[in-house]
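Asks: For reference, the file query.cif (mmCIF, C-alpha atoms) is included below:
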data_run
#
loop_
_atom_site.label_atom_id
_atom_site.label_comp_id
_atom_site.auth_asym_id
_atom_site.auth_seq_id
_atom_site.Cartn_x
_atom_site.Cartn_y
_atom_site.Cartn_z
CA MET A 1223 0.00 0.00 0.00
CA SER A 1224 10.68 0.65 4.54
CA SER A 1225 8.64 3.83 5.30
CA VAL A 1226 5.04 4.80 4.85
CA ASN A 1227 3.95 7.91 2.95
CA VAL A 1228 0.64 9.32 4.11
CA VAL A 1229 -1.63 11.18 1.79
CA CYS A 1230 -3.57 13.06 4.43
CA GLY A 1231 -0.80 13.41 6.98
CA ILE A 1232 1.76 11.23 8.73
CA GLY A 1233 0.38 8.85 11.33
CA GLY A 1234 -0.68 5.28 12.02
CA TRP A 1235 -3.82 4.05 10.38
CA LEU A 1236 -5.41 3.61 13.76
CA LEU A 1237 -5.08 7.38 14.36
CA LEU A 1238 -5.82 8.62 10.87
CA ALA A 1239 -8.60 7.85 8.57
CA ALA A 1240 -7.53 8.28 5.28
CA ILE A 1241 -9.92 6.57 3.32
CA LEU A 1242 -9.42 7.87 0.17
CA THR A 1243 -9.82 11.64 0.42
CA GLY A 1244 -7.76 9.77 1.22
CA CYS A 1245 -6.71 6.54 0.44
CA SER A 1246 -4.70 7.40 3.50
CA ALA A 1247 -1.40 5.86 4.34
CA ALA A 1248 0.27 4.58 1.24
CA PRO A 1249 2.66 1.75 2.06
CA ALA A 1250 6.20 1.57 0.78
CA GLY A 1251 6.49 1.61 -2.95
CA ALA A 1252 3.42 3.79 -3.47
CA LEU A 1253 4.25 7.48 -3.76
CA SER A 1254 1.65 9.53 -1.93
CA SER A 1255 1.18 13.06 -3.10
CA ALA A 1256 -1.45 15.38 -1.77
CA GLY A 1257 -0.50 17.17 1.41
CA ALA A 1258 1.80 14.51 2.80
CA ALA A 1259 4.53 15.74 5.07
CA GLY A 1260 7.82 14.93 3.46
CA SER A 1261 6.13 13.63 0.33
CA PRO A 1262 6.87 14.84 -3.21
CA SER A 1263 4.81 17.65 -4.66
CA LEU A 1264 1.57 16.75 -6.41
CA LEU A 1265 2.26 14.97 -9.64
CA THR A 1266 0.48 15.79 -12.85
CA SER A 1267 -1.66 13.03 -14.30
CA PRO A 1268 0.29 10.81 -16.68
CA THR A 1269 -0.55 10.79 -20.33
CA SER A 1270 -1.87 7.58 -21.79
CA GLY A 1271 1.27 7.01 -23.82
CA SER A 1272 1.79 3.85 -25.81
CA SER A 1273 2.63 0.30 -24.81
CA ALA A 1274 3.26 -2.93 -26.58
CA GLY A 1275 0.54 -5.58 -26.60
CA PRO A 1276 -3.15 -5.31 -25.74
CA ARG A 1277 -4.19 -2.81 -23.09
CA PRO A 1278 -5.11 -4.50 -19.76
CA ALA A 1279 -8.79 -4.31 -18.88
CA LEU A 1280 -7.84 -2.73 -15.55
CA VAL A 1281 -6.56 0.39 -17.29
CA GLY A 1282 -9.09 3.18 -16.88
CA GLN A 1283 -10.79 5.32 -14.28
CA TRP A 1284 -13.06 3.58 -11.77
CA GLU A 1285 -15.46 5.37 -9.43
CA LEU A 1286 -17.25 4.38 -6.23
CA ASP A 1287 -19.63 6.23 -3.92
CA ARG A 1288 -17.94 5.50 -0.61
CA THR A 1289 -19.98 5.07 2.56
CA CYS A 1290 -19.16 4.55 6.21
CA GLN A 1291 -21.47 1.54 6.28
CA ALA A 1292 -19.62 -0.18 3.44
CA ILE A 1293 -16.14 0.11 4.93
CA VAL A 1294 -17.35 -0.89 8.40
CA ALA A 1295 -19.03 -3.96 6.92
CA ALA A 1296 -15.87 -4.89 5.00
CA LEU A 1297 -13.59 -4.57 8.03
CA THR A 1298 -16.03 -6.39 10.29
CA LYS A 1299 -16.29 -9.27 7.83
CA ALA A 1300 -12.49 -9.41 7.54
CA GLY A 1301 -12.08 -9.58 11.31
CA HIS A 1302 -10.36 -6.20 11.68
CA PRO A 1303 -12.68 -4.04 13.80
CA GLU A 1304 -9.61 -2.29 15.21
CA LEU A 1305 -9.21 -0.54 11.85
CA ILE A 1306 -12.72 0.94 11.81
CA ARG A 1307 -11.80 4.09 13.72
CA GLY A 1308 -9.26 5.07 11.08
CA ALA A 1309 -11.33 3.88 8.15
CA ALA A 1310 -14.51 5.68 9.19
CA GLY A 1311 -12.83 9.02 9.80
CA GLU A 1312 -13.46 10.85 6.56
CA LEU A 1313 -16.88 9.30 6.12
CA VAL A 1314 -18.47 10.78 9.24
CA GLN A 1315 -19.66 14.27 10.02
CA GLY A 1316 -17.37 16.53 11.99
CA ASN A 1317 -14.17 14.69 11.09
CA ILE A 1318 -10.99 16.63 11.68
CA ASP A 1319 -8.44 16.10 8.92
CA GLY A 1320 -9.68 12.55 8.46
CA ARG A 1321 -9.87 11.73 12.17
CA VAL A 1322 -13.16 10.83 13.80
CA PRO A 1323 -14.43 13.66 16.06
CA PRO A 1324 -14.37 13.36 19.87
CA GLU A 1325 -18.08 12.55 19.98
CA TRP A 1326 -17.70 9.58 17.63
CA ASP A 1327 -19.04 6.37 19.19
CA ALA A 1328 -17.20 3.15 18.36
CA ALA A 1329 -20.30 1.15 19.25
CA HIS A 1330 -22.22 2.99 16.54
CA PRO A 1331 -19.48 3.94 14.06
CA CYS A 1332 -21.80 5.21 11.33
CA ALA A 1333 -24.31 7.10 13.47
CA MET A 1334 -22.81 10.33 12.09
CA ALA A 1335 -22.24 9.05 8.56
CA LEU A 1336 -21.92 11.46 5.67
CA PRO A 1337 -23.93 10.85 2.48
CA PRO A 1338 -22.26 8.61 -0.14
CA THR A 1339 -19.12 10.36 -1.38
CA PRO A 1340 -17.67 9.81 -4.88
CA HIS A 1341 -14.06 8.66 -5.09
CA SER A 1342 -12.14 7.30 -8.03
CA HIS A 1343 -8.94 5.50 -9.05
CA THR A 1344 -7.16 5.73 -12.38
CA PHE A 1345 -4.85 2.96 -13.55
CA TRP A 1346 -2.80 4.60 -16.29
CA PRO A 1347 -1.26 2.58 -19.15
CA ASN A 1348 2.23 3.74 -18.13
CA GLY A 1349 1.99 1.99 -14.75
CA MET A 1350 0.96 4.96 -12.59
CA PHE A 1351 -1.95 4.83 -10.16
CA ASN A 1352 -3.84 7.93 -9.02
CA SER A 1353 -6.81 8.47 -6.71
CA TYR A 1354 -9.16 11.45 -6.83
CA ASP A 1355 -11.61 12.85 -4.31
CA GLU A 1356 -15.16 14.02 -4.99
CA ASN A 1357 -13.82 17.34 -6.30
CA GLY A 1358 -11.43 15.71 -8.75
CA ASN A 1359 -8.37 16.54 -6.67
CA GLN A 1360 -5.56 13.99 -6.73
CA VAL A 1361 -5.09 12.49 -3.28
CA ASP A 1362 -2.90 9.43 -3.82
CA ASP A 1363 -0.46 8.03 -6.35
CA GLY A 1364 2.03 5.25 -6.87
CA PRO A 1365 3.12 2.53 -9.29
CA TRP A 1366 0.80 -0.33 -10.18
CA ALA A 1367 1.38 -3.59 -12.04
CA ILE A 1368 -0.52 -6.69 -13.08
CA VAL A 1369 0.73 -9.97 -11.60
CA ASP A 1370 -1.73 -12.30 -13.34
CA ASP A 1371 -5.32 -12.34 -14.60
CA HIS A 1372 -6.74 -11.71 -11.13
CA THR A 1373 -3.87 -10.22 -9.12
CA MET A 1374 -2.29 -6.77 -9.19
CA THR A 1375 -0.08 -4.61 -7.02
CA ILE A 1376 -0.06 -0.97 -5.97
CA GLY A 1377 3.37 -0.22 -4.62
CA SER A 1378 4.29 -3.17 -2.41
CA SER A 1379 0.66 -4.09 -1.64
CA THR A 1380 -1.14 -6.93 -3.40
CA PHE A 1381 -4.80 -7.07 -4.38
CA THR A 1382 -7.03 -9.51 -6.23
CA TYR A 1383 -9.43 -8.06 -8.76
CA THR A 1384 -12.31 -9.14 -10.96
CA ILE A 1385 -13.90 -7.23 -13.82
CA ALA A 1386 -17.41 -7.95 -15.05
CA GLY A 1387 -18.53 -5.57 -17.77
CA ASN A 1388 -17.92 -2.09 -16.41
CA ALA A 1389 -17.70 -3.17 -12.75
CA LEU A 1390 -14.47 -3.75 -10.83
CA MET A 1391 -14.17 -5.58 -7.52
CA LEU A 1392 -10.98 -5.28 -5.46
CA GLU A 1393 -9.85 -7.30 -2.46
CA PRO A 1394 -6.67 -6.81 -0.39
CA VAL A 1395 -4.36 -9.79 0.03
CA ALA A 1396 -3.58 -9.59 3.73
CA PRO A 1397 -0.10 -10.69 4.81
CA VAL A 1398 0.09 -13.60 7.25
CA ASP A 1399 0.59 -12.64 10.92
CA CYS A 1400 -0.09 -8.98 10.25
CA SER A 1401 0.61 -6.61 13.15
CA GLY A 1402 2.18 -3.25 13.88
CA GLN A 1403 3.13 -1.38 10.72
CA CYS A 1404 1.57 -4.16 8.67
CA LEU A 1405 -1.83 -3.28 10.16
CA ASP A 1406 -1.34 0.36 9.19
CA ASP A 1407 -0.65 -0.75 5.63
CA LEU A 1408 -3.61 -3.10 5.69
CA GLY A 1409 -5.91 -0.26 6.70
CA TRP A 1410 -4.76 1.66 3.63
CA MET A 1411 -5.37 -1.40 1.46
CA TYR A 1412 -8.96 -1.67 2.67
CA SER A 1413 -9.55 2.02 2.11
CA VAL A 1414 -8.26 1.70 -1.44
CA SER A 1415 -10.20 -1.41 -2.34
CA PHE A 1416 -13.50 -1.20 -0.40
CA PRO A 1417 -14.00 -4.98 -0.73
CA GLY A 1418 -17.59 -5.97 -1.35
CA SER A 1419 -18.33 -2.74 -3.24
CA ALA A 1420 -18.21 -2.41 -7.03
CA TRP A 1421 -16.19 0.34 -8.69
CA HIS A 1422 -17.71 1.45 -12.01
CA ARG A 1423 -15.78 2.46 -15.09
CA VAL A 1424 -15.89 6.16 -15.96
CA ALA A 1425 -16.59 6.74 -19.64
CA SER A 1426 -15.01 10.16 -20.11
CA GLY A 1427 -13.28 12.96 -18.28
CA PRO A 1428 -9.86 14.42 -17.51
CA HIS A 1429 -8.73 11.38 -15.53
CA VAL A 1430 -9.77 8.74 -18.06
CA PRO A 1431 -6.81 7.28 -20.02
#
If you convert what's in this file into structure tokens, what do you get?
Replies:
Amino acid sequence: MSSVNVVCGIGGWLLLAAILTGCSAAPAGALSSAGAAGSPSLLTSPTSGSSAGPRPALVGQWELDRTCQAIVAALTKAGHPELIRGAAGELVQGNIDGRVPPEWDAAHPCAMALPPTPHSHTFWPNGMFNSYDENGNQVDDGPWAIVDDHTMTIGSSTFTYTIAGNALMLEPVAPVDCSGQCLDDLGWMYSVSFPGSAWHRVASGPHVP
């Protein structure tokens, strides 16, 4: 998802929410861009360029309306309730720079949920990955690569993916015996993928290859 670059500020996933206004803490190998302390300045979107062979189906811009309920359900199903505080941050009212507000209740994590919020990823043909918030601002970036027909990487993090028509499903591949920094990285992976939710291909726009 070595050091961790954080898109919305440096900090452990359990303290920050970076879901994707986010996409929060980008693990080693993924260059975060927007507003990260010590991170490189915001990169311009890559041009589509040219590449040998057929273009992978994953190339394109994919959009999802993110909700607090969806990420809480995904983390609960995965057995990682400890990551909900960070993951819910930007999806609840009154959040402070991606952190849940003091009045947030862990027993009812989505009681203050914001309405569904658009977020998108672009997988460029030249191997660059970008994420964009609901205003079209770039909030994350890094290298991506296809491993096989159903596996890809963003930086050093591995995901499985399936594409059916114009719908994309992503799932993080969690390392075995994950703890400490690994959990921070895993939180970022869940915020990027939103497992159980379908990302839909964007037909046109400035961030479509």
Asks: To one decimal place in Å, what is the distance between atom CA of A:Gly1316 and atom CA of A:Met1411?
Replies: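 These two atoms are separated by 24.0 Å.
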Asks: Could you list, as a compact mmCIF listing (two decimals) with C-alpha atoms, keeping the file's coordinate frame, every residue within 9 Å of A:Ile1385, counting all atoms listed in the file and ignoring same-chain residues fewer than 3 positions away?
Replies:
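Below is the file that was written, out23.txt:
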# COMPACT_ATOMS: atom_id res chain seq x y z
CA ALA A 1279 -8.79 -4.31 -18.88
CA LEU A 1280 -7.84 -2.73 -15.55
CA HIS A 1372 -6.74 -11.71 -11.13
CA ASN A 1388 -17.92 -2.09 -16.41
CA ALA A 1389 -17.70 -3.17 -12.75
CA LEU A 1390 -14.47 -3.75 -10.83
CA MET A 1391 -14.17 -5.58 -7.52
Asks: Can you tell me how far atom CA of A:Ser1378 sits from atom CA of A:Leu1305, in Å to one decimal?
Replies: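 Atom-to-atom, atom CA of A:Ser1378 and atom CA of A:Leu1305 are spaced 19.8 Å apart.
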Asks: Give me, as number ranges by chain, all polymer residues having an atom no more than 9 Å from stretch 1421-1429 of chain A, counting all atoms listed in the file and skipping those fewer than 6 positions away in the same chain.
Replies: A: 1267, 1282-1287, 1342-1344, 1352, 1354, 1358, 1387-1392, 1415
Asks: Grab the atom CA of A:Asp1362 to atom CA of A:Asp1327 distance for me, in Å with one decimal place.
Replies: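 Value for the atom CA of A:Asp1362-atom CA of A:Asp1327 distance: 28.3 Å.
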Asks: Which residue gives the smallest distance to A:Ala1333 among A:Met1374, A:Val1294, A:Pro1431, A:Val1361, with only C-alpha atoms counted?
Replies: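 The closest residue to A:Ala1333 is A:Val1294.
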Asks: Applied to this file, what does the PyMOL selection byres ((chain A and resi 1382) around 8) return in terms of residues, put as a list in words?
Replies: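 This file, filtered by the PyMOL selection byres ((chain A and resi 1382) around 8), leaves His1372, Thr1373, Met1374, Thr1380, Phe1381, Tyr1383, Thr1384, Leu1392, Glu1393, Pro1394 and Val1395 of chain A.
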Asks: Which residues fall under the PyMOL selection byres ((chain A and resi 1346) around 7) in this file, as a JSON list (two decimals) with C-alpha atoms, in the coordinates of the input?
Replies:
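This went into expr_17.json:
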[["chain", "number", "residue", "atom", "x", "y", "z"],
["A", 1268, "PRO", "CA", 0.29, 10.81, -16.68],
["A", 1270, "SER", "CA", -1.87, 7.58, -21.79],
["A", 1281, "VAL", "CA", -6.56, 0.39, -17.29],
["A", 1282, "GLY", "CA", -9.09, 3.18, -16.88],
["A", 1344, "THR", "CA", -7.16, 5.73, -12.38],
["A", 1345, "PHE", "CA", -4.85, 2.96, -13.55],
["A", 1347, "PRO", "CA", -1.26, 2.58, -19.15],
["A", 1348, "ASN", "CA", 2.23, 3.74, -18.13],
["A", 1349, "GLY", "CA", 1.99, 1.99, -14.75],
["A", 1350, "MET", "CA", 0.96, 4.96, -12.59],
["A", 1351, "PHE", "CA", -1.95, 4.83, -10.16],
["A", 1431, "PRO", "CA", -6.81, 7.28, -20.02]]
